[in-house]
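A.B. asks: Next up, target.txt (compact mmCIF, C-alpha atoms).
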# COMPACT_ATOMS: atom_id res chain seq x y z
CA MET A 1 27.02 16.75 51.10
CA VAL A 2 27.08 17.12 47.32
CA LYS A 3 30.10 16.69 45.11
CA VAL A 4 30.82 19.61 42.79
CA GLU A 5 33.02 19.08 39.74
CA PHE A 6 34.35 21.81 37.46
CA LEU A 7 34.60 20.87 33.80
CA GLY A 8 36.83 22.03 30.95
CA PRO A 9 39.03 25.05 31.61
CA ILE A 10 38.00 25.78 35.22
CA ALA A 11 41.23 24.84 36.95
CA ARG A 12 39.80 23.54 40.15
CA GLU A 13 39.66 20.18 41.89
CA PRO A 14 36.21 18.76 42.79
CA MET A 15 34.86 19.86 46.15
CA GLU A 16 32.32 18.57 48.69
CA VAL A 17 29.71 21.13 49.71
CA LYS A 18 26.76 21.07 52.10
CA ALA A 19 23.80 22.55 50.21
CA GLU A 20 20.13 21.70 49.87
CA SER A 21 19.46 23.59 46.66
CA LEU A 22 21.32 25.03 43.70
CA ALA A 23 20.64 28.53 45.04
CA GLU A 24 22.36 27.61 48.29
CA LEU A 25 25.25 26.01 46.43
CA SER A 26 25.56 29.15 44.31
CA LYS A 27 26.07 31.25 47.44
CA ARG A 28 28.81 28.93 48.62
CA LEU A 29 30.55 29.01 45.26
CA TYR A 30 30.50 32.81 45.16
CA ASP A 31 32.75 32.76 48.20
CA GLU A 32 35.45 31.05 46.15
CA GLU A 33 37.53 33.64 44.31
CA THR A 34 38.76 31.32 41.57
CA ILE A 35 35.23 30.13 40.80
CA ARG A 36 33.24 33.37 41.10
CA PRO A 37 34.17 34.83 37.67
CA TRP A 38 32.88 31.69 35.93
CA LEU A 39 29.50 31.36 37.58
CA GLU A 40 27.42 33.78 35.48
CA LYS A 41 28.51 32.00 32.29
CA CYS A 42 28.14 28.39 33.42
CA ALA A 43 25.42 25.82 32.87
CA VAL A 44 24.76 23.05 35.40
CA ALA A 45 24.16 19.30 35.28
CA ILE A 46 23.12 17.18 38.25
CA ASN A 47 24.02 13.50 38.04
CA ASP A 48 24.66 13.93 34.29
CA VAL A 49 21.31 15.62 33.54
CA MET A 50 21.14 19.31 32.54
CA VAL A 51 19.03 21.46 34.87
CA LYS A 52 17.44 24.86 34.25
CA ASP A 53 15.86 25.69 37.62
CA PRO A 54 18.04 27.86 39.90
CA ASN A 55 16.17 26.50 42.92
CA HIS A 56 16.59 22.86 41.96
CA PRO A 57 16.81 20.81 45.20
CA LEU A 58 19.97 18.87 46.02
CA LYS A 59 20.17 15.68 48.01
CA ASP A 60 23.00 13.94 49.76
CA GLY A 61 25.37 12.31 47.29
CA ASP A 62 24.34 14.35 44.24
CA ARG A 63 27.09 15.12 41.74
CA VAL A 64 26.86 18.66 40.41
CA SER A 65 28.81 19.48 37.24
CA ILE A 66 29.64 23.08 36.35
CA LEU A 67 29.88 23.61 32.57
CA PRO A 68 31.70 26.73 31.33
CA PRO A 69 31.18 28.24 27.82
CA VAL A 70 31.66 25.71 25.03
CA CYS A 71 33.15 25.59 21.57
CA GLY A 72 33.17 22.31 19.73
CA GLY A 73 34.38 21.56 16.22
CA MET B 74 28.79 1.16 15.72
CA SER B 75 26.91 4.04 17.35
CA ASP B 76 26.13 7.04 15.17
CA MET B 77 28.27 9.20 17.47
CA GLU B 78 31.97 8.37 17.51
CA LEU B 79 34.73 9.82 19.69
CA TYR B 80 38.43 9.40 18.96
CA GLU B 81 41.69 10.36 20.63
CA GLY B 82 43.46 12.75 18.20
CA PRO B 83 42.60 13.63 14.57
CA LEU B 84 39.79 11.91 12.69
CA ASN B 85 40.32 9.52 9.82
CA VAL B 86 37.82 11.44 7.69
CA LYS B 87 37.88 9.24 4.58
CA GLU B 88 37.45 6.03 6.54
CA ILE B 89 34.52 7.38 8.57
CA PHE B 90 32.65 8.99 5.67
CA GLY B 91 33.23 5.90 3.53
CA ARG B 92 31.92 3.63 6.26
CA TRP B 93 28.87 5.84 6.86
CA LEU B 94 28.13 5.70 3.14
CA ASP B 95 28.37 1.90 3.23
CA GLU B 96 26.18 1.69 6.35
CA GLU B 97 23.35 3.55 4.64
CA ALA B 98 23.86 2.13 1.14
CA GLU B 99 20.58 0.20 1.28
CA SER B 100 18.59 2.68 3.41
CA ASN B 101 16.99 4.39 0.42
CA TYR B 102 18.17 7.88 1.34
CA GLY B 103 18.31 10.24 -1.65
CA ALA B 104 20.66 12.76 -0.05
CA TYR B 105 23.87 12.47 2.01
CA ILE B 106 25.45 15.74 3.12
CA PRO B 107 28.78 15.51 4.95
CA PHE B 108 30.41 18.36 6.88
CA VAL B 109 34.13 18.45 7.66
CA GLY B 110 35.70 20.80 10.20
CA THR B 111 39.42 21.24 9.57
CA ILE B 112 41.87 22.99 11.92
CA ARG B 113 43.21 26.13 10.25
CA GLU B 114 46.72 27.42 10.80
CA GLU B 115 46.31 30.85 12.38
CA GLU B 116 47.82 32.96 15.13
CA GLY B 117 50.73 30.64 15.69
CA ILE B 118 48.75 27.62 16.84
CA GLU B 119 50.18 24.16 16.24
CA ALA B 120 47.01 22.30 17.20
CA LEU B 121 43.65 22.62 18.89
CA SER B 122 42.81 20.48 21.88
CA PHE B 123 39.43 19.34 23.19
CA ASP B 124 37.79 18.20 26.41
CA ILE B 125 34.40 16.48 26.19
CA TYR B 126 31.70 15.81 28.79
CA GLU B 127 30.52 12.57 27.25
CA PRO B 128 27.24 11.82 29.12
CA ILE B 129 25.74 15.19 28.22
CA LEU B 130 27.13 15.06 24.67
CA ARG B 131 25.38 11.70 24.19
CA GLN B 132 22.08 13.14 25.44
CA TRP B 133 22.47 16.17 23.15
CA PHE B 134 23.14 13.85 20.20
CA GLU B 135 20.25 11.52 21.04
CA ALA B 136 17.88 14.50 21.08
CA TRP B 137 19.12 15.37 17.58
CA GLN B 138 18.64 11.79 16.43
CA ALA B 139 15.01 12.06 17.52
CA LYS B 140 14.55 15.43 15.78
CA ALA B 141 16.06 14.05 12.57
CA ALA B 142 13.91 10.91 12.74
CA GLU B 143 10.76 13.04 12.92
CA ARG B 144 11.73 14.38 9.51
CA GLY B 145 12.63 10.96 8.11
CA ALA B 146 16.35 11.74 8.33
CA LYS B 147 19.42 10.48 10.17
CA VAL B 148 22.37 12.35 11.70
CA LYS B 149 25.86 11.05 12.42
CA MET B 150 28.90 12.69 13.94
CA ALA B 151 32.47 12.08 15.02
CA HIS B 152 34.66 14.26 17.24
CA SER B 153 38.18 14.27 18.59
CA ILE B 154 39.38 14.29 22.19
CA GLY B 155 42.79 15.79 23.03
CA ASP B 156 45.22 17.38 20.58
CA VAL B 157 44.43 17.74 16.86
CA PRO B 158 47.19 19.27 14.67
CA VAL B 159 46.53 22.03 12.11
CA HIS B 160 45.31 20.83 8.71
CA THR B 161 43.67 17.75 10.20
CA SER B 162 40.04 17.31 11.28
CA SER B 163 38.48 17.31 14.74
CA TYR B 164 34.79 17.26 13.81
CA ILE B 165 32.74 15.71 11.06
CA SER B 166 29.04 15.20 10.79
CA ALA B 167 26.51 14.15 8.19
CA VAL B 168 22.84 14.09 7.44
CA PHE B 169 21.06 11.41 5.44
CA SER B 170 17.52 12.04 4.25
CA PRO B 171 15.10 10.84 1.61
CA ARG B 172 15.25 14.24 -0.16
CA ARG B 173 17.81 17.03 -0.37
CA ARG B 174 15.73 19.85 1.15
CA VAL B 175 15.48 18.29 4.60
CA ALA B 176 19.17 17.33 4.53
CA LEU B 177 20.27 20.86 3.57
CA GLU B 178 18.21 22.40 6.35
CA LEU B 179 19.18 19.84 8.98
CA ILE B 180 22.92 20.02 8.38
CA GLU B 181 22.84 23.76 9.08
CA GLU B 182 20.70 23.45 12.22
CA PHE B 183 22.68 20.47 13.48
CA VAL B 184 26.14 22.02 12.99
CA GLU B 185 25.10 25.40 14.43
CA ASP B 186 23.47 23.86 17.49
CA PHE B 187 26.55 21.68 17.90
CA LYS B 188 28.73 24.79 18.08
CA ALA B 189 26.39 26.46 20.58
CA ASN B 190 25.41 23.62 22.90
CA ALA B 191 27.59 20.53 22.64
CA PRO B 192 29.56 20.19 25.91
CA ILE B 193 33.02 20.46 24.39
CA TRP B 194 35.84 22.80 25.43
CA LYS B 195 38.44 24.03 22.96
CA TYR B 196 42.01 25.09 23.61
CA ASP B 197 44.66 26.58 21.33
CA VAL B 198 47.95 24.71 21.57
CA ILE B 199 50.91 27.09 21.33
CA ASP B 200 54.45 25.98 22.24
CA GLY B 201 52.94 22.84 23.71
CA LYS B 202 50.68 24.77 26.11
CA ARG B 203 46.86 24.56 26.13
CA ILE B 204 45.12 27.95 26.22
CA TYR B 205 41.31 27.98 26.63
CA ALA B 206 39.62 29.58 23.61
CA ALA B 207 37.53 31.88 25.83
CA ASP B 208 36.68 34.48 23.17
CA ARG B 209 35.33 31.84 20.78
CA SER B 210 33.28 29.99 23.39
CA THR B 211 29.61 30.58 24.16
CA PRO B 212 27.59 29.89 27.31
CA MET B 213 25.35 26.85 26.93
CA GLU B 214 21.57 27.04 26.90
CA GLY B 215 20.51 27.41 30.53
CA ALA B 216 23.78 29.06 31.58
CA GLY B 217 23.64 31.64 34.34
CA ILE B 218 21.39 29.81 36.78
CA LEU B 219 24.10 30.01 39.41
CA GLY B 220 24.24 33.78 39.00
CA ILE B 221 20.65 34.56 39.96
CA GLY B 222 20.22 36.61 43.11
CA ASN B 223 23.55 38.43 42.90
CA GLU B 224 22.03 41.58 44.37
CA GLU B 225 21.00 39.89 47.57
CA ARG B 226 24.60 38.78 47.96
CA GLY B 227 25.76 42.35 47.45
CA ILE B 228 27.79 41.55 44.35
Just give me the structure of the file as structure tokens.

C.D. replies:
Amino acid sequence: MVKVEFLGPIAREPMEVKAESLAELSKRLYDEETIRPWLEKCAVAINDVMVKDPNHPLKDGDRVSILPPVCGG
Amino acid sequence: MSDMELYEGPLNVKEIFGRWLDEEAESNYGAYIPFVGTIREEEGIEALSFDIYEPILRQWFEAWQAKAAERGAKVKMAHSIGDVPVHTSSYISAVFSPRRRVALELIEEFVEDFKANAPIWKYDVIDGKRIYAADRSTPMEGAGILGIGNEERGI
């Protein structure tokens, strides 16, 4: 299982998901109506490191952070 | 103190800039360019509010420290967490460099990249409620990797 946390304005509690890659996780997240509209616009960090590969593997205990569009300052 | 500072609420701009100036007084930099972001009163907001993802913000800032060092320069920044009332400041940054040209170029690149890629979320505060500033926010570099393969899912 991996832990998925939704940062900033995505009003959603963290969830535990069984997935072996980001692509697989993506499919699971698309099934969630409140999360689906965010996915195209979000970046991803795994264990506090940004990732760019949509097929990035996931292992048990990974923490996946979903980062919606930003605006600092 | 680290060159990246985070504070609950508005920044004490004069104290921070003054301290940064003191810190680098003997560093032999010829140019010091500060940038101050101040919350404007517009569209009925009483404040802006901010969430920060600190581990990634630190990595983003450390990458900028390395880029600045390659050019003989130094960057510093401070940002607020939580509510920041209008006419106060939520973000300040500065570049120190031996000569003005590098500092002028770096402050622009640094502030613009900050707006585009620092993991910070902004909300308008109206009647005490936080409203995500969706139309002013931009997807981070690398965004969209969860959206690949939509067709195969029939979306």

A.B. asks: As an exercise, work out the distance from CA of Asp60 in chain A to CA of Ile218 in chain B in Å and give it to one decimal place.

C.D. replies: 20.6 Å

A.B. asks: Using Å and a single decimal, report how far CA of Met213 in chain B sits from CA of Leu121 in chain B.

C.D. replies: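 Here the two named atoms are 20.4 Å from each other.
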
A.B. asks: Can you sort out the box for range 14-20 of chain A, edges along x, y and z, all listed atoms in, 8 Å on every side, with centre and edge lengths in Å to one decimal, as lines of an AutoDock Vina configuration file?

C.D. replies:
center_x = 28.2
center_y = 20.6
center_z = 47.4
size_x = 32.1
size_y = 20.0
size_z = 25.3

A.B. asks: May I have the residues within 6 Å of Tyr196 in chain B as a PyMOL selection string, using only C-alpha atoms and disregarding those fewer than 3 positions away in the same chain?

C.D. replies: chain B and resi 121-122+203-206

A.B. asks: Please, which residues of chain B lie no more than 8 Å from chain A when the count uses all atoms listed in the file, and can they be set out as number ranges by chain?

C.D. replies: B: 110, 123-126, 128-129, 152, 163-165, 187-195, 205-207, 209-221, 226

A.B. asks: Looking at B:Asp95, B:Glu88, B:Glu78, B:Glu182, which one is nearest to Lys140 in chain B, with distances taken over all atoms listed in the file?

C.D. replies: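 For Lys140 in chain B, the nearest of the given residues is B:Glu182.
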
A.B. asks: What does the distance from CA of Val159 in chain B to CA of Glu115 in chain B come to in Å, to one decimal?

C.D. replies: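 For CA of Val159 in chain B relative to CA of Glu115 in chain B, the distance reads 8.8 Å.
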
A.B. asks: Could you check which of B:Ile89, B:Ala98, B:Ala176, B:Val109 is closest to Gly145 in chain B, using all atoms listed in the file?

C.D. replies: B:Ala176

A.B. asks: Quick one: residues within 12 Å of Glu99 in chain B, only C-alpha atoms, excluding same-chain residues fewer than 6 positions away - as a list in words?

C.D. replies: Trp93, Phe169 and Pro171 of chain B

A.B. asks: For the residues selected in the previous step, produce a file with C-alpha atoms as a short mmCIF file (atom, residue, chain, number, x, y, z; two decimals), in the frame of the given file.

C.D. replies:
data_model
loop_
_atom_site.label_atom_id
_atom_site.label_comp_id
_atom_site.auth_asym_id
_atom_site.auth_seq_id
_atom_site.Cartn_x
_atom_site.Cartn_y
_atom_site.Cartn_z
CA TRP B 93 28.87 5.84 6.86
CA PHE B 169 21.06 11.41 5.44
CA PRO B 171 15.10 10.84 1.61
#

A.B. asks: For Ala167 in chain B, find every residue with an atom within 10 Å (counting only C-alpha atoms), except residues of its own chain fewer than 3 positions away, and show them as an MDAnalysis selection string.

C.D. replies: chainID B and resid 76 90 93:94 105:109 147:151 176 179:180 183:184
